[in-house]
Amino acid sequence: EEFDEAAAAVPKESRGPDIWFRRSAEAGEANGQLNLARRLEAAGDAAEAASWYAQAAAQGTPKAMVLLAEAWASLSEVAKASFDPVLQTPQAWLLKATQLGHGPAFDALARLHEARGANDLASSWHRRGAEGGDGGCMMAMAKHYLE
């Protein structure tokens, strides 16, 4: 009952998920930052999304690290320059996420190396991810043997 009274005090236009994700993100909640970033990216605001991904990543959220690395290509040079110089490459974020054991990071890092033509290195990352239990990496290894 108290919740309903509190909700009624909030203007209707502020009750949608975005306002709550933003409030959560601004309060420092990593999952709020991640969810807000995903919604901003879907809405086409790559720069603000990357900023929130980076904040969630800085708190140790490996999924945010991977999503920031994947969003990196769409950022302007000005937006990229606002990040910590040590972590200004997709590879740096992905390496950090692999160090935390995040399976999809192994696959993303392998795909990054494949795009650069470093297939042996890509295969090595896929193997490490597969050995760690990541299904995407297991599929990539199976495809490697079929080629």
# chains A, B, ... in the order shown; residues from 1 in each chain; ligands from 1

$ residues_around --residues "Ala79 (chain A)" --least-positions-apart "2" --cutoff "9 Å" --atoms "only C-alpha atoms" --output "JSON, numbers by chain"
{"A": [47, 48, 50, 51, 75, 76, 77, 81, 82, 83]}

$ select_by_dssp --residues "chain A" --states "helix (DSSP H, G or I)" --output "count of residues only"
116

$ residues_around --residues "region 108-120 of chain A" --least-positions-apart "3" --cutoff "10 Å" --atoms "only C-alpha atoms" --output "ChimeraX atom specification"
/A:66-67,69-70,90-95,97-98,103-105,123-129,136-137,140

$ closest_residue --among "A:Ala142, A:Leu34, A:Ala27, A:Ala122" --to "Gly60 (chain A)" --atoms "only C-alpha atoms"
A:Leu34

$ atom_distance --atom1 "CA of Glu147 (chain A)" --atom2 "CA of Leu121 (chain A)"
16.5 Å

$ closest_residue --among "A:Lys96, A:Arg22, A:His144, A:His102" --to "Ala49 (chain A)" --atoms "only C-alpha atoms"
A:Arg22
